[in-house]
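S.K.: Sharing target-v7.pdb here; it has PDB, C-alpha atoms, pLDDT in the B column.
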```pdb
ATOM      1  CA  MET A   1     221.706-127.025 109.205  1.00 49.00           C
ATOM      2  CA  SER A   2     218.480-126.102 107.516  1.00 43.00           C
ATOM      3  CA  ASP A   3     216.888-123.861 110.150  1.00 46.00           C
ATOM      4  CA  SER A   4     217.644-120.324 108.921  1.00 52.00           C
ATOM      5  CA  ALA A   5     216.732-118.872 112.335  1.00 63.00           C
ATOM      6  CA  GLY A   6     219.328-121.098 113.962  1.00 78.00           C
ATOM      7  CA  ILE A   7     219.231-123.496 116.840  1.00 83.00           C
ATOM      8  CA  LYS A   8     219.583-122.731 120.524  1.00 81.00           C
ATOM      9  CA  ARG A   9     222.088-124.458 122.788  1.00 75.00           C
ATOM     10  CA  GLY A  10     221.620-122.875 126.189  1.00 79.00           C
ATOM     11  CA  GLY A  11     222.027-119.123 125.710  1.00 91.00           C
ATOM     12  CA  ILE A  12     223.875-119.643 122.435  1.00 96.00           C
ATOM     13  CA  THR A  13     222.218-119.386 119.033  1.00 97.00           C
ATOM     14  CA  ILE A  14     223.984-121.098 116.145  1.00 97.00           C
ATOM     15  CA  ARG A  15     223.136-120.403 112.513  1.00 97.00           C
ATOM     16  CA  ARG A  16     224.711-119.880 109.114  1.00 97.00           C
ATOM     17  CA  GLY A  17     226.592-116.635 108.692  1.00 98.00           C
ATOM     18  CA  ILE A  18     224.910-113.666 107.054  1.00 98.00           C
ATOM     19  CA  GLU A  19     226.461-110.471 105.766  1.00 98.00           C
ATOM     20  CA  ALA A  20     225.300-108.542 108.830  1.00 98.00           C
ATOM     21  CA  ASP A  21     227.596-110.821 110.900  1.00 98.00           C
ATOM     22  CA  PHE A  22     230.725-109.877 108.960  1.00 98.00           C
ATOM     23  CA  PRO A  23     231.901-107.004 111.228  1.00 98.00           C
ATOM     24  CA  GLY A  24     231.528-109.229 114.302  1.00 98.00           C
ATOM     25  CA  LEU A  25     233.247-112.145 112.586  1.00 98.00           C
ATOM     26  CA  LYS A  26     236.160-109.914 111.611  1.00 98.00           C
ATOM     27  CA  ARG A  27     236.373-108.704 115.232  1.00 98.00           C
ATOM     28  CA  VAL A  28     236.519-112.296 116.512  1.00 98.00           C
ATOM     29  CA  LEU A  29     239.267-113.202 114.042  1.00 98.00           C
ATOM     30  CA  GLN A  30     241.242-110.075 114.988  1.00 97.00           C
ATOM     31  CA  GLU A  31     240.940-110.903 118.693  1.00 97.00           C
ATOM     32  CA  THR A  32     242.089-114.489 118.241  1.00 97.00           C
ATOM     33  CA  PHE A  33     244.933-113.417 115.958  1.00 97.00           C
ATOM     34  CA  GLU A  34     246.177-110.919 118.537  1.00 97.00           C
ATOM     35  CA  SER A  35     245.789-113.196 121.567  1.00 96.00           C
ATOM     36  CA  THR A  36     246.836-116.551 120.105  1.00 96.00           C
ATOM     37  CA  TRP A  37     249.016-116.135 117.035  1.00 96.00           C
ATOM     38  CA  LEU A  38     250.710-112.746 117.309  1.00 97.00           C
ATOM     39  CA  PRO A  39     252.818-113.704 120.353  1.00 97.00           C
ATOM     40  CA  GLU A  40     254.034-116.883 118.594  1.00 97.00           C
ATOM     41  CA  ILE A  41     254.776-115.891 114.997  1.00 97.00           C
ATOM     42  CA  THR A  42     257.612-113.899 113.504  1.00 97.00           C
ATOM     43  CA  PRO A  43     257.206-110.170 112.903  1.00 97.00           C
ATOM     44  CA  ALA A  44     257.334-110.871 109.145  1.00 96.00           C
ATOM     45  CA  ALA A  45     254.477-113.393 109.380  1.00 96.00           C
ATOM     46  CA  ALA A  46     252.428-110.941 111.462  1.00 97.00           C
ATOM     47  CA  ARG A  47     253.076-108.186 108.938  1.00 97.00           C
ATOM     48  CA  ASN A  48     251.996-110.468 106.068  1.00 96.00           C
ATOM     49  CA  TYR A  49     248.770-111.344 107.889  1.00 97.00           C
ATOM     50  CA  VAL A  50     247.925-107.707 108.660  1.00 96.00           C
ATOM     51  CA  GLU A  51     248.990-106.222 105.312  1.00 97.00           C
ATOM     52  CA  GLY A  52     247.289-109.049 103.415  1.00 97.00           C
ATOM     53  CA  ASN A  53     244.077-108.417 105.331  1.00 97.00           C
ATOM     54  CA  VAL A  54     243.883-112.205 105.700  1.00 97.00           C
ATOM     55  CA  GLY A  55     241.140-112.411 108.343  1.00 97.00           C
ATOM     56  CA  HIS A  56     238.896-109.874 106.635  1.00 97.00           C
ATOM     57  CA  ARG A  57     239.292-111.548 103.244  1.00 98.00           C
ATOM     58  CA  PHE A  58     238.487-114.929 104.812  1.00 98.00           C
ATOM     59  CA  VAL A  59     235.220-113.542 106.206  1.00 98.00           C
ATOM     60  CA  ASP A  60     234.334-111.769 102.952  1.00 98.00           C
ATOM     61  CA  GLU A  61     234.958-114.935 100.920  1.00 97.00           C
ATOM     62  CA  GLN A  62     233.656-117.631 103.289  1.00 97.00           C
ATOM     63  CA  GLY A  63     231.487-115.900 105.912  1.00 97.00           C
ATOM     64  CA  ARG A  64     228.215-117.228 104.532  1.00 97.00           C
ATOM     65  CA  ASN A  65     229.589-120.772 104.870  1.00 97.00           C
ATOM     66  CA  PHE A  66     230.456-120.349 108.557  1.00 98.00           C
ATOM     67  CA  LEU A  67     228.328-121.519 111.412  1.00 98.00           C
ATOM     68  CA  VAL A  68     228.128-118.483 113.653  1.00 98.00           C
ATOM     69  CA  ALA A  69     227.480-118.480 117.390  1.00 98.00           C
ATOM     70  CA  LEU A  70     225.560-115.568 118.846  1.00 97.00           C
ATOM     71  CA  VAL A  71     225.297-114.730 122.533  1.00 96.00           C
ATOM     72  CA  GLY A  72     222.840-111.981 123.392  1.00 94.00           C
ATOM     73  CA  GLY A  73     222.663-111.136 119.691  1.00 94.00           C
ATOM     74  CA  GLU A  74     226.443-110.539 119.506  1.00 97.00           C
ATOM     75  CA  VAL A  75     228.743-112.619 117.300  1.00 98.00           C
ATOM     76  CA  ALA A  76     230.661-114.806 119.746  1.00 98.00           C
ATOM     77  CA  GLY A  77     232.387-117.330 117.490  1.00 98.00           C
ATOM     78  CA  LEU A  78     232.560-119.228 114.233  1.00 98.00           C
ATOM     79  CA  VAL A  79     233.393-122.596 112.769  1.00 98.00           C
ATOM     80  CA  ASN A  80     234.126-123.439 109.140  1.00 98.00           C
ATOM     81  CA  TRP A  81     234.961-126.736 107.438  1.00 98.00           C
ATOM     82  CA  ARG A  82     235.562-128.381 104.090  1.00 97.00           C
ATOM     83  CA  ASP A  83     234.617-132.022 103.655  1.00 98.00           C
ATOM     84  CA  ASP A  84     235.739-133.733 106.896  1.00 98.00           C
ATOM     85  CA  PHE A  85     238.279-131.047 107.843  1.00 98.00           C
ATOM     86  CA  ILE A  86     237.537-128.193 110.254  1.00 98.00           C
ATOM     87  CA  ASP A  87     239.714-125.358 109.060  1.00 96.00           C
ATOM     88  CA  ALA A  88     238.624-122.657 111.496  1.00 98.00           C
ATOM     89  CA  LEU A  89     237.190-122.480 115.010  1.00 98.00           C
ATOM     90  CA  HIS A  90     237.400-119.104 116.724  1.00 98.00           C
ATOM     91  CA  VAL A  91     235.694-117.755 119.845  1.00 98.00           C
ATOM     92  CA  GLY A  92     235.928-114.115 120.843  1.00 97.00           C
ATOM     93  CA  SER A  93     237.705-113.281 124.090  1.00 92.00           C
ATOM     94  CA  ARG A  94     234.546-112.198 125.966  1.00 93.00           C
ATOM     95  CA  HIS A  95     232.817-115.475 125.149  1.00 95.00           C
ATOM     96  CA  GLN A  96     235.520-118.030 125.862  1.00 92.00           C
ATOM     97  CA  ARG A  97     234.797-120.734 128.437  1.00 90.00           C
ATOM     98  CA  LEU A  98     231.019-120.283 128.054  1.00 92.00           C
ATOM     99  CA  GLY A  99     230.433-123.350 125.869  1.00 96.00           C
ATOM    100  CA  VAL A 100     230.506-121.460 122.565  1.00 97.00           C
ATOM    101  CA  GLY A 101     233.330-123.515 121.050  1.00 97.00           C
ATOM    102  CA  ARG A 102     231.759-126.778 122.187  1.00 97.00           C
ATOM    103  CA  ALA A 103     228.357-125.793 120.752  1.00 97.00           C
ATOM    104  CA  LEU A 104     229.935-124.865 117.417  1.00 98.00           C
ATOM    105  CA  MET A 105     231.901-128.118 117.270  1.00 98.00           C
ATOM    106  CA  VAL A 106     228.819-130.234 118.042  1.00 97.00           C
ATOM    107  CA  GLU A 107     226.920-128.660 115.148  1.00 97.00           C
ATOM    108  CA  ALA A 108     229.880-128.881 112.743  1.00 98.00           C
ATOM    109  CA  GLU A 109     230.403-132.542 113.629  1.00 98.00           C
ATOM    110  CA  LYS A 110     226.702-133.276 113.036  1.00 97.00           C
ATOM    111  CA  ALA A 111     226.868-131.645 109.602  1.00 97.00           C
ATOM    112  CA  ILE A 112     230.072-133.473 108.654  1.00 98.00           C
ATOM    113  CA  GLU A 113     228.648-136.826 109.741  1.00 98.00           C
ATOM    114  CA  ALA A 114     225.368-136.111 107.907  1.00 97.00           C
ATOM    115  CA  SER A 115     227.450-135.588 104.745  1.00 97.00           C
ATOM    116  CA  GLY A 116     228.622-139.198 104.988  1.00 98.00           C
ATOM    117  CA  TYR A 117     232.079-138.776 106.492  1.00 98.00           C
ATOM    118  CA  ILE A 118     233.296-141.243 109.122  1.00 98.00           C
ATOM    119  CA  GLN A 119     235.661-138.830 110.872  1.00 98.00           C
ATOM    120  CA  VAL A 120     236.463-135.209 111.571  1.00 98.00           C
ATOM    121  CA  ARG A 121     239.994-133.863 111.273  1.00 98.00           C
ATOM    122  CA  LEU A 122     241.507-130.559 112.362  1.00 98.00           C
ATOM    123  CA  GLU A 123     244.824-128.938 113.137  1.00 98.00           C
ATOM    124  CA  THR A 124     246.186-126.752 115.884  1.00 97.00           C
ATOM    125  CA  ASP A 125     249.712-125.810 116.839  1.00 97.00           C
ATOM    126  CA  SER A 126     251.868-127.434 119.503  1.00 97.00           C
ATOM    127  CA  PHE A 127     252.206-124.194 121.479  1.00 97.00           C
ATOM    128  CA  ASN A 128     248.409-123.942 121.831  1.00 97.00           C
ATOM    129  CA  GLN A 129     247.900-126.122 124.891  1.00 96.00           C
ATOM    130  CA  GLN A 130     244.424-124.686 125.507  1.00 94.00           C
ATOM    131  CA  SER A 131     243.111-125.832 122.127  1.00 97.00           C
ATOM    132  CA  GLN A 132     244.783-129.233 122.444  1.00 98.00           C
ATOM    133  CA  ALA A 133     243.091-129.819 125.817  1.00 97.00           C
ATOM    134  CA  PHE A 134     239.760-128.644 124.376  1.00 98.00           C
ATOM    135  CA  TYR A 135     239.905-131.036 121.415  1.00 98.00           C
ATOM    136  CA  LYS A 136     240.999-133.954 123.592  1.00 98.00           C
ATOM    137  CA  ALA A 137     238.043-133.266 125.929  1.00 97.00           C
ATOM    138  CA  LEU A 138     235.767-133.515 122.865  1.00 98.00           C
ATOM    139  CA  GLY A 139     237.158-136.959 122.032  1.00 98.00           C
ATOM    140  CA  TYR A 140     239.786-136.035 119.441  1.00 98.00           C
ATOM    141  CA  GLU A 141     243.021-138.013 119.261  1.00 98.00           C
ATOM    142  CA  GLU A 142     246.387-136.704 118.163  1.00 98.00           C
ATOM    143  CA  LYS A 143     247.432-138.399 114.917  1.00 98.00           C
ATOM    144  CA  ASP A 144     250.509-136.541 113.684  1.00 98.00           C
ATOM    145  CA  ARG A 145     252.882-133.588 114.091  1.00 98.00           C
ATOM    146  CA  TYR A 146     254.620-131.767 111.266  1.00 98.00           C
ATOM    147  CA  PRO A 147     256.087-128.345 110.409  1.00 97.00           C
ATOM    148  CA  ASP A 148     253.524-125.531 110.201  1.00 95.00           C
ATOM    149  CA  LEU A 149     254.109-123.968 106.794  1.00 92.00           C
ATOM    150  CA  GLU A 150     251.237-121.464 106.973  1.00 90.00           C
ATOM    151  CA  TRP A 151     252.925-119.024 109.358  1.00 92.00           C
ATOM    152  CA  GLU A 152     256.545-119.592 108.270  1.00 90.00           C
ATOM    153  CA  SER A 153     257.521-119.157 111.918  1.00 94.00           C
ATOM    154  CA  GLY A 154     259.061-122.504 112.844  1.00 95.00           C
ATOM    155  CA  LEU A 155     255.888-123.746 114.537  1.00 97.00           C
ATOM    156  CA  THR A 156     254.713-127.348 114.725  1.00 98.00           C
ATOM    157  CA  THR A 157     251.218-128.371 113.615  1.00 98.00           C
ATOM    158  CA  VAL A 158     249.306-131.050 115.519  1.00 98.00           C
ATOM    159  CA  LEU A 159     246.741-133.090 113.551  1.00 98.00           C
ATOM    160  CA  PHE A 160     243.708-134.344 115.495  1.00 98.00           C
ATOM    161  CA  GLU A 161     241.057-136.820 114.396  1.00 98.00           C
ATOM    162  CA  LYS A 162     237.740-138.023 115.781  1.00 98.00           C
ATOM    163  CA  LYS A 163     235.894-141.034 114.399  1.00 98.00           C
ATOM    164  CA  PHE A 164     232.100-141.159 114.429  1.00 96.00           C
TER     165      PHE A 164
END
```
Render the structure in this file as structure tokens.
M.R.:
Amino acid sequence: MSDSAGIKRGGITIRRGIEADFPGLKRVLQETFESTWLPEITPAAARNYVEGNVGHRFVDEQGRNFLVALVGGEVAGLVNWRDDFIDALHVGSRHQRLGVGRALMVEAEKAIEASGYIQVRLETDSFNQQSQAFYKALGYEEKDRYPDLEWESGLTTVLFEKKF
């Protein structure tokens, strides 16, 4: 995505992350941690996430690589990927079901395809029925299930793939 001002998709602006976005990005990650992961992981895993400042460090280290969605000038969501693998898609609670996630995925997929990849891969967890339905609606197919080692909470990871 070369347009530094971003592109518009409806009322959503999508552009590369800048340092001024970092507080909003950290807020989005905190919201999704609390609403999605906290109820599912062990207290020890939650403590490790919070004490390790995992979300904040992720933004500080990778925030300029994110595609950021803005709605009314407010950070609404983010997507990040490496090669053909989307490793993070998060939409803040106030902006869910407004097309933010879809807009971010469309732009990430375009960038991945433009880099010469023939597919996009991503993971979610088996308990997260909302994300599974979202990815299936975007044309992703389930390819595998295996133990989720990241959270050390006995969860099951679901691998999705979409060919171009």
S.K.: In Å, with one decimal, what is the gap from CA of Lys26 (chain A) to CA of Tyr135 (chain A)?
M.R.: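 Between CA of Lys26 (chain A) and CA of Tyr135 (chain A) the gap works out to 23.6 Å.
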S.K.: Since I can't run it myself right now, could you work out what the PyMOL selection byres ((chain A and resi 136) around 12) selects here and report it as number ranges by chain?
M.R.: A: 102, 122, 124, 129-135, 137-143, 158-162
S.K.: So which residues touch His56 (chain A) within 9 Å, counting all atoms listed in the file, skipping near sequence neighbours fewer than 4 positions away, as a list of chain:residue names?
M.R.: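 Here the qualifying residues turn out to be A:Phe22, A:Pro23, A:Leu25, A:Lys26, A:Leu29, A:Gln30, A:Asp60, A:Glu61.
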S.K.: Could you write those residues out with C-alpha atoms, as an mmCIF file, in the coordinates of the input?
M.R.:
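Now in result-v2.cif:
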```
data_model
loop_
_atom_site.group_PDB
_atom_site.id
_atom_site.type_symbol
_atom_site.label_atom_id
_atom_site.label_comp_id
_atom_site.auth_asym_id
_atom_site.auth_seq_id
_atom_site.Cartn_x
_atom_site.Cartn_y
_atom_site.Cartn_z
ATOM 1 C CA PHE A 22 230.725 -109.877 108.960
ATOM 2 C CA PRO A 23 231.901 -107.004 111.228
ATOM 3 C CA LEU A 25 233.247 -112.145 112.586
ATOM 4 C CA LYS A 26 236.160 -109.914 111.611
ATOM 5 C CA LEU A 29 239.267 -113.202 114.042
ATOM 6 C CA GLN A 30 241.242 -110.075 114.988
ATOM 7 C CA ASP A 60 234.334 -111.769 102.952
ATOM 8 C CA GLU A 61 234.958 -114.935 100.920
#
```
S.K.: For the PyMOL selection byres ((chain A and resi 100) around 9), applied here, can you spell out every residue it catches as a list in words?
M.R.: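 Applying the expression gives Arg9, Ile12, Ala69, Leu70, Val71, Ala76, Gly77, Leu78, Val91, His95, Gln96, Arg97, Leu98, Gly99, Gly101, Arg102, Ala103, Leu104 and Met105 of chain A.
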S.K.: Nearest residue to Arg121 (chain A) out of A:Glu74, A:Glu107, A:Asp87, A:Glu40, using only C-alpha atoms?
M.R.: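 Smallest distance to Arg121 (chain A) is found for A:Asp87.
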S.K.: What's the separation between CA of Ile7 (chain A) and CA of Ala111 (chain A), in Å to one decimal place?
M.R.: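 Computed distance, CA of Ile7 (chain A) to CA of Ala111 (chain A), equals 13.3 Å.
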S.K.: What would region 99-117 of chain A look like with N, CA and C atoms restored, written as a compact mmCIF listing (two decimals), in the frame of the given file?
M.R.:
```txt
# COMPACT_ATOMS: atom_id res chain seq x y z
N GLY A 99 231.05 -122.27 126.64
CA GLY A 99 230.43 -123.35 125.87
C GLY A 99 230.22 -123.03 124.40
N VAL A 100 230.68 -121.87 123.95
CA VAL A 100 230.51 -121.46 122.56
C VAL A 100 231.26 -122.39 121.62
N GLY A 101 232.53 -122.64 121.91
CA GLY A 101 233.33 -123.52 121.05
C GLY A 101 232.76 -124.92 120.99
N ARG A 102 232.35 -125.44 122.13
CA ARG A 102 231.76 -126.78 122.19
C ARG A 102 230.48 -126.83 121.36
N ALA A 103 229.62 -125.82 121.50
CA ALA A 103 228.36 -125.79 120.75
C ALA A 103 228.62 -125.74 119.24
N LEU A 104 229.59 -124.94 118.84
CA LEU A 104 229.94 -124.86 117.42
C LEU A 104 230.47 -126.20 116.91
N MET A 105 231.33 -126.83 117.69
CA MET A 105 231.90 -128.12 117.27
C MET A 105 230.83 -129.19 117.16
N VAL A 106 229.90 -129.24 118.09
CA VAL A 106 228.82 -130.23 118.04
C VAL A 106 228.05 -130.09 116.74
N GLU A 107 227.70 -128.88 116.37
CA GLU A 107 226.92 -128.66 115.15
C GLU A 107 227.75 -128.96 113.89
N ALA A 108 229.02 -128.58 113.90
CA ALA A 108 229.88 -128.88 112.74
C ALA A 108 230.03 -130.39 112.59
N GLU A 109 230.26 -131.09 113.69
CA GLU A 109 230.40 -132.54 113.63
C GLU A 109 229.13 -133.21 113.10
N LYS A 110 227.98 -132.73 113.54
CA LYS A 110 226.70 -133.28 113.04
C LYS A 110 226.60 -133.10 111.52
N ALA A 111 226.95 -131.92 111.04
CA ALA A 111 226.87 -131.65 109.60
C ALA A 111 227.86 -132.50 108.82
N ILE A 112 229.05 -132.66 109.34
CA ILE A 112 230.07 -133.47 108.65
C ILE A 112 229.62 -134.93 108.60
N GLU A 113 229.13 -135.44 109.71
CA GLU A 113 228.65 -136.83 109.74
C GLU A 113 227.45 -137.01 108.81
N ALA A 114 226.54 -136.03 108.79
CA ALA A 114 225.37 -136.11 107.91
C ALA A 114 225.76 -136.10 106.44
N SER A 115 226.95 -135.59 106.13
CA SER A 115 227.45 -135.59 104.74
C SER A 115 228.10 -136.91 104.36
N GLY A 116 228.12 -137.87 105.30
CA GLY A 116 228.62 -139.20 104.99
C GLY A 116 230.06 -139.49 105.39
N TYR A 117 230.70 -138.55 106.06
CA TYR A 117 232.08 -138.78 106.49
C TYR A 117 232.09 -139.61 107.77
```
